[in-house]
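**Q** Handing you a structure now.
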Amino acid sequence: MIALRRAITGLLVLGLAAPVVGCGNMGAGASSAAGDTHPLIGGAAPGFDLTSPDGKKKITLANVHGKVIIVDFWATWCGPCRESFPVYERLSNKFGSKLAVIAVSVDEDPGSIAQFVKDTGATFQIGWDDGQVVSKSYQPPTMPTSFVIDKSGIVRFMHSGFRSGEEAELEQEVASLAAK
């Protein structure tokens, strides 16, 4: 499976395959439009306790309660994930203390996460989902998948995959939730 992902990523880098909005189907019904139906939309976001890839920090949903939260499921082998990180960084900087971004890596091994984070310039929280326990509770249909959660902990929006131009839509969603 990992070899197939790397081969597809290689073809995309070389421009030999059509661009995709997501990397790898993690469940049935994957699609790319925001607001897709998903069992979590309109319900409470599942809580979690993760550690940073280096094992030194605790990453929890409870620690950012009261803010708008973007929980993003991603992997180092995913091209669209690499494109999405600078967008989340800009949103994090723009909204400051009103927004928390938590990026949840579903990589099987945390070894390449630090370099990915450095390459993308991310300063938001990064958690490693060892054994993909958290991703099982969120059920992201593809990589990346982001969930936009309101201040009271309710999942309001979901973005399956990532495409250029999605930043404006994400910004509008965060702004609408931050204003409430």
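Residues in the structure tokens are numbered from 1 in each chain, the chains being A, B, ... in the order shown, and ligands are numbered from 1 in the order shown.
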Using the chain letters and numbers from this document, which residues of chain A does DSSP assign to alpha helix (DSSP H), as number ranges by chain?

**A** A: 2-14, 79-95, 113-120, 133-138, 166-178

**Q** At a cut-off of 9 Å, using only C-alpha atoms, what residues contact Glu167 in chain A? Leave out same-chain residues fewer than 4 positions from it and give the result as a ChimeraX atom specification.

**A** /A:84,87-88,91,163,171-172

**Q** Could the residues in this selection be saved with N, CA and C atoms as a CSV table (one decimal), in the first residue's frame?

**A**
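File produced: again_12.csv:
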```csv
chain,number,residue,atom,x,y,z
A,84,SER,N,-1.9,21.9,1.7
A,84,SER,CA,-2.9,22.4,2.7
A,84,SER,C,-2.2,23.1,3.9
A,87,VAL,N,-1.8,26.8,4.0
A,87,VAL,CA,-3.1,27.4,4.1
A,87,VAL,C,-3.5,27.5,5.6
A,88,TYR,N,-3.4,26.3,6.2
A,88,TYR,CA,-3.7,26.3,7.7
A,88,TYR,C,-2.8,27.2,8.5
A,91,LEU,N,-4.2,30.8,8.0
A,91,LEU,CA,-5.4,30.9,8.8
A,91,LEU,C,-5.1,31.0,10.2
A,163,ARG,N,-8.0,21.2,-2.5
A,163,ARG,CA,-7.8,21.8,-3.8
A,163,ARG,C,-7.4,23.3,-3.7
A,171,GLU,N,-11.6,30.1,5.2
A,171,GLU,CA,-11.6,31.4,5.9
A,171,GLU,C,-13.0,31.9,6.3
A,172,GLN,N,-13.9,31.8,5.3
A,172,GLN,CA,-15.3,32.2,5.5
A,172,GLN,C,-15.9,31.4,6.6
```

**Q** Between A:Leu177, A:Ala122, A:Ala103, A:Val117, which is the closest to Val155 in chain A once you count only C-alpha atoms?

**A**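 For Val155 in chain A, the nearest of the candidates is A:Leu177.
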
**Q** What lies within 9 Å of Ser146 in chain A using only C-alpha atoms, ignoring chain neighbours under 5 positions off, as a ChimeraX atom specification?

**A** /A:70-74,103,140,157-162

**Q** Do a neighbour search on Val134 in chain A at 9 Å with only C-alpha atoms, toss out local chain neighbours closer than 2 positions, and write the hits as a ChimeraX atom specification.

**A** /A:46-50,104,106,129-132,136-139

**Q** Take the residues from that selection and write them out as a short mmCIF file (atom, residue, chain, number, x, y, z; two decimals), in the first residue's frame, keeping C-alpha atoms.

**A**
```cif
data_model
loop_
_atom_site.label_atom_id
_atom_site.label_comp_id
_atom_site.auth_asym_id
_atom_site.auth_seq_id
_atom_site.Cartn_x
_atom_site.Cartn_y
_atom_site.Cartn_z
CA PRO A 46 -14.82 13.11 19.41
CA GLY A 47 -12.24 14.03 22.03
CA PHE A 48 -8.71 12.71 21.80
CA ASP A 49 -5.35 12.58 23.51
CA LEU A 50 -2.35 12.39 21.21
CA VAL A 104 -3.28 14.65 13.05
CA VAL A 106 -1.93 9.02 10.30
CA ASP A 129 -2.16 9.09 15.64
CA ASP A 130 -0.21 5.97 16.56
CA GLY A 131 -2.34 3.01 15.48
CA GLN A 132 -4.86 5.39 13.85
CA LYS A 136 -11.14 5.62 13.37
CA SER A 137 -13.39 7.84 15.49
CA TYR A 138 -13.43 10.64 12.88
CA GLN A 139 -13.52 8.39 9.79
#
```

**Q** Would you mind writing down, as a ChimeraX atom specification, each residue of chain A that DSSP on the backbone assigns to strand (DSSP E)?

**A** /A:23-25,49-51,58-60,68-74,99-105,125-128,142-143,145-149,155-160

**Q** Would you mind reading off the distance between CA of Ile126 in chain A and CA of His38 in chain A, one decimal, in Å?

**A**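 Separation of CA of Ile126 in chain A and CA of His38 in chain A: 23.6 Å.
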
**Q** Nearest to Glu83 in chain A among A:Val174, A:Phe116, A:Phe147, A:Thr37, with distances taken over only C-alpha atoms: which residue is it?

**A**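 Between A:Val174, A:Phe116, A:Phe147, A:Thr37, the residue approaching Glu83 in chain A most closely is A:Phe116.
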
**Q** Nearest to Ser176 in chain A among A:Phe95, A:Pro144, A:Ile59, A:Asp119, with distances taken over only C-alpha atoms: which residue is it?

**A**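 Using only C-alpha atoms, Ser176 in chain A sits closest to A:Phe95.
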
**Q** With only C-alpha atoms as the counted atoms, please give the residues lying no more than 10 Å from Leu99 in chain A, apart from itself and same-chain residues fewer than 5 positions off, as a ChimeraX atom specification.

**A** /A:64,66-70,91-94,149-151,174-175,177-178

**Q** Could you check which of A:Leu61, A:Ala75, A:Cys81, A:Ala114 is closest to Ile102 in chain A, using only C-alpha atoms?

**A**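 Ranking A:Leu61, A:Ala75, A:Cys81, A:Ala114 by distance to Ile102 in chain A, first place goes to A:Leu61.
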
**Q** What is the CA of Asp54 in chain A-CA of Gly153 in chain A distance in Å, reported with one decimal?

**A** 27.2 Å
